[in-house]
$ cat start31.txt   # compact mmCIF, C-alpha atoms and all ligand atoms
# COMPACT_ATOMS: atom_id res chain seq x y z
CA MET U 235 31.97 56.34 -14.07
CA THR U 236 29.28 58.88 -14.97
CA LEU U 237 26.44 59.53 -12.56
CA LYS U 238 24.04 57.84 -14.97
CA ALA U 239 26.24 54.73 -15.20
CA LEU U 240 26.70 54.69 -11.42
CA LEU U 241 22.94 54.90 -10.95
CA ALA U 242 22.32 52.13 -13.46
CA ALA U 243 24.93 49.94 -11.77
CA SER U 244 23.46 50.47 -8.34
CA VAL U 245 19.89 49.81 -9.60
CA SER U 246 20.96 46.54 -11.21
CA ALA U 247 22.93 45.58 -8.07
CA THR U 248 19.77 46.19 -6.01
CA LEU U 249 17.74 44.19 -8.51
CA ILE U 250 20.18 41.28 -8.42
CA ALA U 251 20.17 41.41 -4.61
CA ALA U 252 16.36 41.40 -4.57
CA LEU U 253 16.26 38.45 -6.95
CA THR U 254 18.72 36.43 -4.93
CA VAL U 255 17.16 37.14 -1.54
CA PRO U 256 16.05 33.74 -0.28
CA ALA U 257 12.34 33.13 0.49
CA SER U 258 13.34 32.57 4.09
CA ALA U 259 16.67 32.29 5.87
CA GLU U 260 16.47 28.53 5.27
CA VAL U 261 15.58 28.61 1.55
CA SER U 262 18.30 29.34 -1.03
CA GLN U 263 18.16 29.71 -4.81
CA ARG U 264 18.04 26.20 -6.30
CA THR U 265 17.68 24.55 -9.68
CA ILE U 266 16.15 21.11 -9.92
CA ARG U 267 16.47 19.13 -13.15
CA ILE U 268 14.12 16.18 -13.47
CA ALA U 269 14.91 13.30 -15.83
CA ASN U 270 12.01 11.30 -17.26
CA GLY U 271 11.90 8.53 -19.83
CA ILE U 272 8.25 9.05 -20.69
CA ALA U 273 6.70 11.88 -22.73
CA ALA U 274 5.55 15.23 -21.29
CA ASP U 275 1.86 14.45 -21.84
CA HIS U 276 2.06 11.32 -19.67
CA PRO U 277 0.30 11.79 -16.26
CA VAL U 278 3.76 12.28 -14.75
CA GLY U 279 3.61 15.67 -16.51
CA ASP U 280 0.55 16.58 -14.42
CA GLY U 281 2.35 15.49 -11.27
CA VAL U 282 5.45 17.48 -12.16
CA ASP U 283 3.30 20.59 -12.82
CA ALA U 284 1.60 20.26 -9.44
CA MET U 285 4.90 19.63 -7.67
CA THR U 286 6.49 22.63 -9.43
CA GLN U 287 3.63 24.90 -8.46
CA CYS U 288 3.83 23.74 -4.85
CA ILE U 289 7.59 24.40 -4.85
CA ALA U 290 7.08 27.88 -6.36
CA GLU U 291 4.58 28.76 -3.63
CA ARG U 292 6.63 27.32 -0.80
CA THR U 293 9.91 28.96 -1.93
CA ASP U 294 8.44 32.25 -3.15
CA GLY U 295 9.78 31.39 -6.58
CA ALA U 296 13.37 30.90 -5.42
CA TRP U 297 13.68 27.48 -7.10
CA THR U 298 13.73 26.69 -10.80
CA VAL U 299 12.36 23.31 -11.81
CA ASN U 300 13.16 21.97 -15.28
CA ALA U 301 11.74 18.66 -16.46
CA PHE U 302 13.36 16.76 -19.35
CA TRP U 303 11.23 14.21 -21.19
CA SER U 304 11.56 11.18 -23.46
CA SER U 305 14.97 10.12 -22.08
CA ALA U 306 16.58 13.46 -23.09
CA LEU U 307 18.96 13.14 -20.12
CA GLY U 308 19.56 9.40 -20.66
CA ASP U 309 17.71 6.30 -19.55
CA ASP U 310 16.43 5.61 -16.05
CA LEU U 311 19.50 3.77 -14.85
CA GLN U 312 21.94 6.34 -16.27
CA SER U 313 19.94 9.13 -14.65
CA ALA U 314 19.85 7.33 -11.30
CA GLN U 315 23.64 6.92 -11.49
CA SER U 316 23.95 10.69 -12.13
CA LEU U 317 21.90 11.28 -8.98
CA ARG U 318 24.20 9.01 -7.00
CA SER U 319 27.24 10.97 -8.12
CA GLY U 320 25.53 14.29 -7.41
CA THR U 321 25.45 15.58 -11.01
CA LEU U 322 21.64 15.51 -11.43
CA GLU U 323 18.93 16.35 -8.91
CA MET U 324 15.92 14.15 -9.67
CA VAL U 325 14.67 11.23 -11.72
CA ILE U 326 11.14 9.90 -11.91
CA SER U 327 11.72 6.28 -12.81
CA SER U 328 9.93 3.01 -12.74
CA SER U 329 11.38 0.97 -9.89
CA SER U 330 12.10 -1.92 -12.26
CA PRO U 331 15.29 -0.78 -14.05
CA LEU U 332 16.74 0.21 -10.67
CA VAL U 333 17.10 -3.37 -9.42
CA ALA U 334 20.65 -3.06 -10.73
CA ILE U 335 21.17 -0.63 -7.82
CA GLU U 336 18.88 -2.15 -5.17
CA PRO U 337 17.79 -5.75 -5.83
CA ALA U 338 14.99 -5.51 -3.22
CA LEU U 339 13.09 -3.24 -5.63
CA GLY U 340 12.42 -6.40 -7.65
CA VAL U 341 9.63 -7.14 -5.22
CA PHE U 342 7.36 -4.81 -7.22
CA ASP U 343 8.08 -6.81 -10.39
CA LEU U 344 6.72 -10.10 -9.08
CA PRO U 345 3.91 -11.13 -11.44
CA PHE U 346 0.36 -10.47 -10.27
CA LEU U 347 1.57 -9.28 -6.85
CA ILE U 348 -0.75 -6.28 -6.56
CA SER U 349 -4.34 -6.54 -7.67
CA SER U 350 -5.83 -3.05 -7.45
CA GLU U 351 -4.78 0.59 -7.37
CA GLN U 352 -6.16 0.88 -3.83
CA GLU U 353 -3.94 -1.98 -2.75
CA ALA U 354 -0.95 -0.34 -4.47
CA ASP U 355 -1.56 2.99 -2.69
CA ALA U 356 -1.90 1.33 0.72
CA LEU U 357 1.25 -0.73 0.17
CA LEU U 358 3.40 2.09 -1.18
CA ASP U 359 2.24 4.85 1.17
CA GLY U 360 2.35 2.56 4.19
CA GLU U 361 5.05 0.90 6.27
CA PHE U 362 6.22 -1.36 3.45
CA GLY U 363 6.82 1.56 1.09
CA GLN U 364 8.81 3.28 3.83
CA TYR U 365 10.80 0.11 4.48
CA ILE U 366 11.87 0.06 0.82
CA ALA U 367 12.50 3.83 0.75
CA ASP U 368 14.80 3.41 3.77
CA MET U 369 17.06 1.19 1.64
CA MET U 370 17.82 3.97 -0.83
CA PRO U 371 20.10 6.36 1.15
CA LYS U 372 22.87 3.73 1.25
CA HIS U 373 22.89 4.03 -2.54
CA ASN U 374 23.13 7.84 -2.33
CA LEU U 375 19.46 8.16 -3.31
CA VAL U 376 16.45 9.60 -1.48
CA ASN U 377 12.98 8.35 -2.44
CA LEU U 378 10.63 11.32 -1.97
CA SER U 379 7.42 9.44 -2.79
CA TYR U 380 5.91 6.78 -5.01
CA TRP U 381 3.91 7.81 -8.07
CA GLU U 382 2.02 5.55 -10.43
CA ASN U 383 3.41 3.78 -13.47
CA GLY U 384 0.51 1.36 -13.24
CA PHE U 385 -0.87 -1.97 -14.35
CA ARG U 386 1.03 -3.29 -17.33
CA ASN U 387 -0.57 -4.78 -20.44
CA LEU U 388 0.94 -6.55 -23.42
CA SER U 389 0.83 -5.02 -26.89
CA ASN U 390 2.09 -6.74 -30.04
CA SER U 391 2.01 -6.81 -33.82
CA LEU U 392 1.25 -10.51 -34.35
CA ARG U 393 -2.02 -11.72 -32.80
CA PRO U 394 -4.44 -11.26 -29.91
CA VAL U 395 -2.98 -12.84 -26.78
CA GLU U 396 -5.87 -14.72 -25.21
CA SER U 397 -4.19 -17.74 -23.68
CA LEU U 398 -0.85 -19.05 -22.48
CA GLU U 399 -0.19 -20.59 -25.89
CA ASP U 400 -0.47 -17.20 -27.61
CA PHE U 401 2.69 -15.90 -25.90
CA LYS U 402 4.80 -18.60 -27.53
CA GLY U 403 7.76 -17.38 -29.57
CA MET U 404 6.73 -13.73 -29.45
CA ARG U 405 9.73 -11.39 -29.37
CA VAL U 406 8.87 -9.21 -26.37
CA ARG U 407 10.82 -6.27 -25.07
CA VAL U 408 11.07 -6.37 -21.27
CA MET U 409 12.62 -3.86 -18.90
CA GLN U 410 16.22 -4.41 -17.85
CA ASN U 411 15.12 -6.59 -14.99
CA ASN U 412 15.61 -10.31 -14.41
CA ILE U 413 12.19 -10.85 -12.86
CA PHE U 414 10.41 -9.55 -15.97
CA LEU U 415 12.84 -11.55 -18.09
CA ASP U 416 12.07 -14.73 -16.13
CA THR U 417 8.30 -14.06 -16.24
CA PHE U 418 8.22 -13.59 -19.99
CA GLN U 419 10.60 -16.46 -20.70
CA THR U 420 8.42 -18.67 -18.52
CA LEU U 421 5.41 -17.59 -20.56
CA GLY U 422 7.21 -18.93 -23.63
CA THR U 423 8.22 -15.66 -25.26
CA ASN U 424 11.58 -14.70 -26.66
CA ALA U 425 12.16 -11.87 -24.18
CA THR U 426 14.74 -9.13 -24.76
CA PRO U 427 15.74 -6.61 -22.07
CA MET U 428 15.94 -3.08 -23.50
CA ALA U 429 15.95 0.51 -22.22
CA PHE U 430 12.63 2.32 -22.57
CA GLY U 431 13.99 4.92 -25.01
CA GLU U 432 14.75 2.23 -27.59
CA VAL U 433 11.34 0.55 -27.60
CA PHE U 434 9.50 2.61 -30.22
CA THR U 435 12.19 2.14 -32.87
CA ALA U 436 12.58 -1.55 -32.07
CA LEU U 437 8.82 -2.01 -32.59
CA GLU U 438 8.82 0.15 -35.68
CA THR U 439 11.68 -1.71 -37.36
CA GLY U 440 10.25 -5.08 -36.40
CA ALA U 441 13.28 -5.98 -34.27
CA ILE U 442 10.70 -6.98 -31.64
CA ASP U 443 7.01 -7.88 -31.89
CA ALA U 444 5.76 -6.84 -28.50
CA GLN U 445 6.20 -4.77 -25.38
CA GLU U 446 4.31 -4.39 -22.12
CA ASN U 447 3.33 -1.13 -20.44
CA PRO U 448 0.31 0.64 -18.95
CA TYR U 449 -2.27 2.06 -21.40
CA VAL U 450 -1.15 5.64 -20.68
CA THR U 451 2.37 4.78 -21.84
CA ILE U 452 1.21 2.84 -24.91
CA ASP U 453 -0.73 6.00 -25.74
CA THR U 454 1.65 8.85 -24.81
CA SER U 455 4.77 7.10 -26.16
CA ARG U 456 2.76 6.37 -29.32
CA PHE U 457 3.46 2.63 -29.29
CA PHE U 458 -0.06 2.22 -30.71
CA GLU U 459 1.29 3.54 -34.04
CA VAL U 460 3.52 0.47 -34.39
CA GLN U 461 1.37 -2.20 -32.72
CA ASP U 462 -1.86 -3.98 -33.73
CA TYR U 463 -3.06 -5.82 -30.62
CA VAL U 464 -3.35 -5.03 -26.94
CA SER U 465 -4.25 -7.66 -24.36
CA ASN U 466 -5.51 -6.69 -20.93
CA THR U 467 -3.00 -8.83 -19.03
CA ARG U 468 -2.47 -6.63 -15.93
CA HIS U 469 0.48 -8.91 -15.15
CA ALA U 470 2.23 -6.43 -12.85
CA TYR U 471 1.71 -3.06 -11.19
CA THR U 472 4.93 -1.05 -11.17
CA PRO U 473 5.39 2.20 -9.25
CA PHE U 474 7.40 5.25 -10.21
CA MET U 475 9.95 6.33 -7.64
CA VAL U 476 10.56 10.06 -7.30
CA LEU U 477 14.25 9.89 -6.53
CA PHE U 478 16.51 12.72 -5.44
CA SER U 479 20.29 12.83 -5.33
CA LYS U 480 21.40 12.29 -1.73
CA PRO U 481 24.68 14.23 -2.13
CA ILE U 482 22.59 17.22 -3.27
CA PHE U 483 19.77 16.59 -0.75
CA ASP U 484 22.35 16.73 2.04
CA THR U 485 23.26 20.30 1.05
CA TYR U 486 19.61 21.39 1.50
CA SER U 487 18.41 22.86 4.81
CA ALA U 488 15.87 20.89 6.83
CA GLU U 489 13.17 23.29 5.62
CA GLU U 490 14.17 22.76 1.98
CA GLN U 491 14.19 18.99 2.40
CA GLN U 492 10.70 19.20 3.85
CA ILE U 493 9.49 21.33 0.91
CA LEU U 494 10.81 18.72 -1.51
CA GLN U 495 9.23 15.85 0.35
CA GLU U 496 5.85 17.53 0.82
CA CYS U 497 5.62 18.91 -2.73
CA SER U 498 6.45 15.48 -4.16
CA VAL U 499 3.42 14.17 -2.24
CA VAL U 500 1.26 16.99 -3.65
CA GLY U 501 2.48 15.93 -7.12
CA ARG U 502 1.84 12.27 -6.30
CA ASP U 503 -1.83 12.81 -5.54
CA VAL U 504 -2.38 14.77 -8.76
CA GLN U 505 -0.35 12.27 -10.79
CA ARG U 506 -2.19 9.20 -9.53
CA LYS U 507 -5.56 10.83 -10.17
CA ALA U 508 -4.51 11.85 -13.70
CA SER U 509 -3.11 8.37 -14.33
CA ARG U 510 -6.43 6.74 -13.44
CA THR U 511 -8.53 9.18 -15.47
CA LEU U 512 -6.19 9.13 -18.45
CA SER U 513 -5.94 5.36 -18.47
CA GLU U 514 -9.56 5.12 -19.68
CA GLN U 515 -8.99 7.85 -22.27
CA SER U 516 -5.76 6.23 -23.45
CA LEU U 517 -7.50 2.89 -23.91
CA GLN U 518 -10.15 4.63 -26.00
CA ARG U 519 -7.48 6.35 -28.13
CA ILE U 520 -5.75 2.99 -28.64
CA LYS U 521 -9.04 1.49 -29.84
CA ASP U 522 -9.79 4.53 -32.00
CA ALA U 523 -6.39 4.07 -33.64
CA GLY U 524 -7.66 0.70 -34.87
CA LEU U 525 -5.91 -1.68 -32.47
CA GLU U 526 -7.72 -4.81 -31.41
CA VAL U 527 -8.02 -4.89 -27.62
CA ASN U 528 -8.95 -8.10 -25.82
CA ASP U 529 -9.60 -9.35 -22.31
CA ILE U 530 -8.44 -12.75 -21.17
CA SER U 531 -11.00 -15.24 -19.84
CA PRO U 532 -10.75 -16.06 -16.10
CA GLU U 533 -9.88 -19.70 -16.96
CA ASN U 534 -7.03 -18.70 -19.26
CA MET U 535 -5.83 -16.07 -16.80
CA ALA U 536 -5.71 -18.73 -14.05
CA LYS U 537 -3.42 -20.83 -16.28
CA ILE U 538 -1.16 -17.83 -16.99
CA ARG U 539 -0.93 -17.01 -13.29
CA GLU U 540 -0.14 -20.60 -12.45
CA ALA U 541 2.58 -20.75 -15.11
CA VAL U 542 4.52 -17.85 -13.59
CA GLN U 543 4.24 -18.96 -9.94
CA GLY U 544 7.79 -20.34 -10.05
CA VAL U 545 9.14 -16.82 -10.62
CA TYR U 546 8.41 -16.06 -6.93
CA GLU U 547 10.61 -18.88 -5.70
CA ARG U 548 13.37 -18.25 -8.22
CA SER U 549 13.66 -14.55 -7.40
CA ALA U 550 13.22 -14.73 -3.61
CA ALA U 551 16.95 -15.02 -2.95
CA THR U 552 17.78 -11.98 -5.12
CA ILE U 553 15.00 -9.80 -3.74
CA GLY U 554 15.64 -11.00 -0.20
CA ALA U 555 13.52 -13.48 1.75
CA GLU U 556 12.65 -10.87 4.37
CA VAL U 557 11.43 -8.41 1.73
CA VAL U 558 9.15 -11.03 0.17
CA GLU U 559 7.84 -12.07 3.61
CA ARG U 560 7.15 -8.46 4.48
CA VAL U 561 5.31 -7.68 1.26
CA ASN U 562 3.13 -10.75 1.69
CA ALA U 563 2.35 -9.78 5.29
CA ALA U 564 1.58 -6.18 4.30
CA LEU U 565 -0.71 -7.30 1.48
CA ALA U 566 -2.47 -9.81 3.73
CA GLU U 567 -3.14 -7.02 6.20
CA ILE U 568 -4.36 -4.63 3.49
CA ARG U 569 -6.67 -7.31 2.11
CA GLY U 570 -7.99 -7.94 5.63
O1 LIG L 1 11.53 6.44 -17.81
C1 LIG L 1 10.38 5.79 -18.17
C2 LIG L 1 10.22 4.61 -17.36
O2 LIG L 1 10.56 4.79 -16.01
C3 LIG L 1 9.02 3.84 -17.41
O3 LIG L 1 8.09 4.14 -18.36
C4 LIG L 1 9.59 2.49 -17.38
O4 LIG L 1 7.71 1.16 -17.51
C5 LIG L 1 8.81 1.45 -17.94
C6 LIG L 1 9.41 0.74 -19.08
O5 LIG L 1 8.69 0.01 -19.72
O6 LIG L 1 10.60 0.90 -19.32

$ encode --input "start31.txt" --output "structure tokens"
Amino acid sequence: MTLKALLAASVSATLIAALTVPASAEVSQRTIRIANGIAADHPVGDGVDAMTQCIAERTDGAWTVNAFWSSALGDDLQSAQSLRSGTLEMVISSSSPLVAIEPALGVFDLPFLISSEQEADALLDGEFGQYIADMMPKHNLVNLSYWENGFRNLSNSLRPVESLEDFKGMRVRVMQNNIFLDTFQTLGTNATPMAFGEVFTALETGAIDAQENPYVTIDTSRFFEVQDYVSNTRHAYTPFMVLFSKPIFDTYSAEEQQILQECSVVGRDVQRKASRTLSEQSLQRIKDAGLEVNDISPENMAKIREAVQGVYERSAATIGAEVVERVNAALAEIRG
């Protein structure tokens, strides 16, 4: 080897060594891939940016974070299964499709359970949220924090939904979740469970008439392009779970695990704030796109709520009686 080549080799060896020097003895080089079903401009994108920046600061840039959007790595359930087998690091998923893994998560799908964002935050960030998070490690999953999917509203291509009768016969896509299926069947619709990634095309081709999601999703996933009506039903508040693969988490040092946990909370606060600000803007964009948006009168809403009461009893056994008791107690305490 010539002197020049030797010098070049030793400079690049030094460079490689410098690049691979961990931020601290407890922080190694890591790559985190995050699967998401929603689009990058959804408020989850703001949360991921904040979490990534926090991670970069806390690890001195030793970790690479790559987010994949619009189901590019598969749907929520497939991604969660990849986490369980240790082949993917993170998924940010609505809790609802994950009932196939942990039935207790169905508690968040009970119709009209949560009535405000403040209530949701107190429930999820409090003892009850921790109680549910503690169920995940037995499924090889770690819940780092709860972000906001939000209050769900019905959109459709047929008519304004203003009363119980208006749901009748509508072909509605629901999440792959028996509680949503029961709720929408009870409301008189022809409900079809479907993965999120298939919804736009199903609406576009007319295979279904309707779907239900928060305004930010109707906006950022462009459902408004293939829908004509949106009704402010607020029939459920669903959280996002920021899930990490336990087999991979277990290879992280205590310091690294703490970075993950704390940065997911930094992301959570940014994401929830963005979700609440963007919700108003999304609603405006939906209206500007020409969709008819309607509220439901208190009298008609009371009838809708009454109609779905039976869902609580029918799903209690699947969710677990203790889980339902605990959520009711936690909400009673939050409501004072
Ligand atoms: O991956 C995207 C989903 O977690 C989320 O948007 C789920 O609300 C959801 C739906 O309707 O499928």

$ atom_distance --input "start31.txt" --atom1 "CA of Arg468 (chain U)" --atom2 "CA of Pro345 (chain U)"
9.0 Å

$ residues_near_point --input "start31.txt" --point "(10.4, -1.4, -28.3)" --cutoff "10 Å" --atoms "all atoms listed in the file" --output "list in words"
Val406, Arg407, Val408, Met409, Thr426, Pro427, Met428, Ala429, Phe430, Gly431, Glu432, Val433, Phe434, Thr435, Ala436, Leu437, Glu438, Thr439, Gly440, Ala441, Ile442, Asp443, Ala444, Gln445, Glu446, Phe457 and Val460 of chain U

$ closest_residue --input "start31.txt" --among "U:Val341, U:Ile266, U:Ala306, U:Leu317" --to "ligand LIG 1 (chain L)" --atoms "all atoms listed in the file"
U:Ala306

$ atom_distance --input "start31.txt" --atom1 "CA of Gln410 (chain U)" --atom2 "CA of Gln315 (chain U)"
15.0 Å

$ closest_residue --input "start31.txt" --among "U:Trp381, U:Tyr486, U:Tyr546, U:Phe458" --to "Ser516 (chain U)" --atoms "only C-alpha atoms"
U:Phe458

$ closest_residue --input "start31.txt" --among "U:Leu477, U:Leu512, U:Ile493, U:Leu378" --to "Glu291 (chain U)" --atoms "only C-alpha atoms"
U:Ile493

$ residues_around --input "start31.txt" --residues "Ile289 (chain U)" --least-positions-apart "2" --cutoff "10 Å" --atoms "only C-alpha atoms" --output "ChimeraX atom specification"
/U:283-287,291-299,490,493-494,496-498,500

$ residues_near_ligand --input "start31.txt" --ligand "ligand LIG 1 (chain L)" --cutoff "9 Å" --atoms "only C-alpha atoms and all ligand atoms" --output "JSON, numbers by chain"
{"U": [269, 270, 271, 272, 273, 303, 304, 305, 309, 310, 311, 325, 326, 327, 328, 329, 330, 331, 383, 384, 386, 407, 408, 409, 410, 428, 429, 430, 431, 433, 445, 446, 447, 448, 451, 455, 472, 473, 474, 475]}

$ closest_residue --input "start31.txt" --among "U:Phe346, U:Phe478, U:Phe362, U:Phe414" --to "Met535 (chain U)" --atoms "only C-alpha atoms"
U:Phe346

$ closest_residue --input "start31.txt" --among "U:Ser389, U:Ser262, U:Ser316, U:Ser379" --to "Gly501 (chain U)" --atoms "only C-alpha atoms"
U:Ser379

$ residues_around --input "start31.txt" --residues "Leu357 (chain U)" --least-positions-apart "2" --cutoff "9 Å" --atoms "only C-alpha atoms" --output "compact mmCIF listing (two decimals) with C-alpha atoms, keeping the file's coordinate frame"
# COMPACT_ATOMS: atom_id res chain seq x y z
CA ILE U 348 -0.75 -6.28 -6.56
CA GLN U 352 -6.16 0.88 -3.83
CA GLU U 353 -3.94 -1.98 -2.75
CA ALA U 354 -0.95 -0.34 -4.47
CA ASP U 355 -1.56 2.99 -2.69
CA ASP U 359 2.24 4.85 1.17
CA GLY U 360 2.35 2.56 4.19
CA GLU U 361 5.05 0.90 6.27
CA PHE U 362 6.22 -1.36 3.45
CA GLY U 363 6.82 1.56 1.09
CA VAL U 561 5.31 -7.68 1.26
CA ALA U 564 1.58 -6.18 4.30
CA LEU U 565 -0.71 -7.30 1.48
CA ILE U 568 -4.36 -4.63 3.49

$ closest_residue --input "start31.txt" --among "U:Leu388, U:Ala551, U:Ile335, U:Leu525" --to "Arg318 (chain U)" --atoms "all atoms listed in the file"
U:Ile335

$ residues_near_point --input "start31.txt" --point "(13.7, -11.2, -13.4)" --cutoff "8 Å" --atoms "only C-alpha atoms" --output "MDAnalysis selection string"
chainID U and resid 340 343 411:417 545 549

$ atom_distance --input "start31.txt" --atom1 "CA of Arg539 (chain U)" --atom2 "CA of Thr467 (chain U)"
10.2 Å

$ axis_aligned_box --input "start31.txt" --around "region 302-311 of chain U" --padding-each-side "6 Å" --output "AutoDock Vina command-line options"
--center_x 15.4 --center_y 10.3 --center_z -19.2 --size_x 20.3 --size_y 25.0 --size_z 20.6

$ residues_around --input "start31.txt" --residues "Glu351 (chain U)" --least-positions-apart "4" --cutoff "9 Å" --atoms "only C-alpha atoms" --output "PyMOL selection string"
chain U and resi 355-356+382+384-385+471+510

$ closest_atom_pairs --input "start31.txt" --of "region 245-339 of chain U" --to "region 554-560 of chain U" --cutoff "12 Å" --atoms "all atoms listed in the file" --output "tab-separated table"
residue	atom	partner	partner_atom	distance
U:Glu336	CA	U:Gly554	CA	10.7
U:Pro337	CA	U:Gly554	CA	8.0
U:Ala338	CA	U:Gly554	CA	6.3
U:Leu339	CA	U:Val557	CA	9.1

$ decode --input "start31.txt" --residues "region 458-474 of chain U" --atoms "N, CA, C and O atoms" --output "PDB file, in the first residue's frame"
ATOM      1  N   PHE U 458     -62.468  13.286   1.606  1.00  0.00           N
ATOM      2  CA  PHE U 458     -63.443  14.310   1.189  1.00  0.00           C
ATOM      3  C   PHE U 458     -63.592  14.349  -0.336  1.00  0.00           C
ATOM      4  O   PHE U 458     -64.609  14.816  -0.851  1.00  0.00           O
ATOM      5  N   GLU U 459     -62.602  13.827  -1.055  1.00  0.00           N
ATOM      6  CA  GLU U 459     -62.692  13.824  -2.529  1.00  0.00           C
ATOM      7  C   GLU U 459     -63.730  12.822  -3.033  1.00  0.00           C
ATOM      8  O   GLU U 459     -64.172  12.918  -4.171  1.00  0.00           O
ATOM      9  N   VAL U 460     -64.060  11.840  -2.183  1.00  0.00           N
ATOM     10  CA  VAL U 460     -64.964  10.773  -2.625  1.00  0.00           C
ATOM     11  C   VAL U 460     -66.178  10.638  -1.698  1.00  0.00           C
ATOM     12  O   VAL U 460     -66.810   9.582  -1.622  1.00  0.00           O
ATOM     13  N   GLN U 461     -66.478  11.718  -0.974  1.00  0.00           N
ATOM     14  CA  GLN U 461     -67.625  11.742  -0.071  1.00  0.00           C
ATOM     15  C   GLN U 461     -68.381  13.064  -0.249  1.00  0.00           C
ATOM     16  O   GLN U 461     -67.781  14.062  -0.692  1.00  0.00           O
ATOM     17  N   ASP U 462     -69.657  13.083   0.094  1.00  0.00           N
ATOM     18  CA  ASP U 462     -70.453  14.306  -0.080  1.00  0.00           C
ATOM     19  C   ASP U 462     -70.999  14.883   1.223  1.00  0.00           C
ATOM     20  O   ASP U 462     -71.360  16.054   1.270  1.00  0.00           O
ATOM     21  N   TYR U 463     -71.109  14.057   2.247  1.00  0.00           N
ATOM     22  CA  TYR U 463     -71.709  14.508   3.512  1.00  0.00           C
ATOM     23  C   TYR U 463     -70.834  14.107   4.695  1.00  0.00           C
ATOM     24  O   TYR U 463     -70.251  13.018   4.695  1.00  0.00           O
ATOM     25  N   VAL U 464     -70.791  14.986   5.686  1.00  0.00           N
ATOM     26  CA  VAL U 464     -70.115  14.642   6.934  1.00  0.00           C
ATOM     27  C   VAL U 464     -71.050  15.019   8.078  1.00  0.00           C
ATOM     28  O   VAL U 464     -71.583  16.126   8.107  1.00  0.00           O
ATOM     29  N   SER U 465     -71.264  14.080   8.984  1.00  0.00           N
ATOM     30  CA  SER U 465     -72.143  14.357  10.127  1.00  0.00           C
ATOM     31  C   SER U 465     -71.316  14.318  11.408  1.00  0.00           C
ATOM     32  O   SER U 465     -70.537  13.385  11.629  1.00  0.00           O
ATOM     33  N   ASN U 466     -71.522  15.326  12.225  1.00  0.00           N
ATOM     34  CA  ASN U 466     -70.735  15.494  13.446  1.00  0.00           C
ATOM     35  C   ASN U 466     -71.256  14.539  14.526  1.00  0.00           C
ATOM     36  O   ASN U 466     -71.942  14.951  15.456  1.00  0.00           O
ATOM     37  N   THR U 467     -70.927  13.264  14.378  1.00  0.00           N
ATOM     38  CA  THR U 467     -71.492  12.237  15.265  1.00  0.00           C
ATOM     39  C   THR U 467     -70.678  12.047  16.553  1.00  0.00           C
ATOM     40  O   THR U 467     -71.227  11.629  17.552  1.00  0.00           O
ATOM     41  N   ARG U 468     -69.397  12.289  16.511  1.00  0.00           N
ATOM     42  CA  ARG U 468     -68.517  12.119  17.687  1.00  0.00           C
ATOM     43  C   ARG U 468     -68.869  10.840  18.465  1.00  0.00           C
ATOM     44  O   ARG U 468     -68.952  10.837  19.692  1.00  0.00           O
ATOM     45  N   HIS U 469     -69.066   9.741  17.728  1.00  0.00           N
ATOM     46  CA  HIS U 469     -69.571   8.529  18.378  1.00  0.00           C
ATOM     47  C   HIS U 469     -68.510   7.752  19.159  1.00  0.00           C
ATOM     48  O   HIS U 469     -68.843   6.843  19.911  1.00  0.00           O
ATOM     49  N   ALA U 470     -67.242   8.086  18.952  1.00  0.00           N
ATOM     50  CA  ALA U 470     -66.187   7.444  19.754  1.00  0.00           C
ATOM     51  C   ALA U 470     -64.912   8.284  19.672  1.00  0.00           C
ATOM     52  O   ALA U 470     -64.678   8.964  18.658  1.00  0.00           O
ATOM     53  N   TYR U 471     -64.132   8.224  20.746  1.00  0.00           N
ATOM     54  CA  TYR U 471     -62.794   8.847  20.735  1.00  0.00           C
ATOM     55  C   TYR U 471     -61.819   7.676  20.757  1.00  0.00           C
ATOM     56  O   TYR U 471     -61.823   6.872  21.694  1.00  0.00           O
ATOM     57  N   THR U 472     -60.993   7.557  19.709  1.00  0.00           N
ATOM     58  CA  THR U 472     -60.009   6.468  19.747  1.00  0.00           C
ATOM     59  C   THR U 472     -58.591   7.041  19.855  1.00  0.00           C
ATOM     60  O   THR U 472     -58.262   8.029  19.195  1.00  0.00           O
ATOM     61  N   PRO U 473     -57.770   6.422  20.707  1.00  0.00           N
ATOM     62  CA  PRO U 473     -56.387   6.884  20.830  1.00  0.00           C
ATOM     63  C   PRO U 473     -55.468   6.186  19.829  1.00  0.00           C
ATOM     64  O   PRO U 473     -55.803   5.120  19.305  1.00  0.00           O
ATOM     65  N   PHE U 474     -54.335   6.794  19.569  1.00  0.00           N
ATOM     66  CA  PHE U 474     -53.241   6.093  18.897  1.00  0.00           C
ATOM     67  C   PHE U 474     -52.346   5.524  19.985  1.00  0.00           C
ATOM     68  O   PHE U 474     -52.092   6.196  20.996  1.00  0.00           O
TER      69      PHE U 474
END
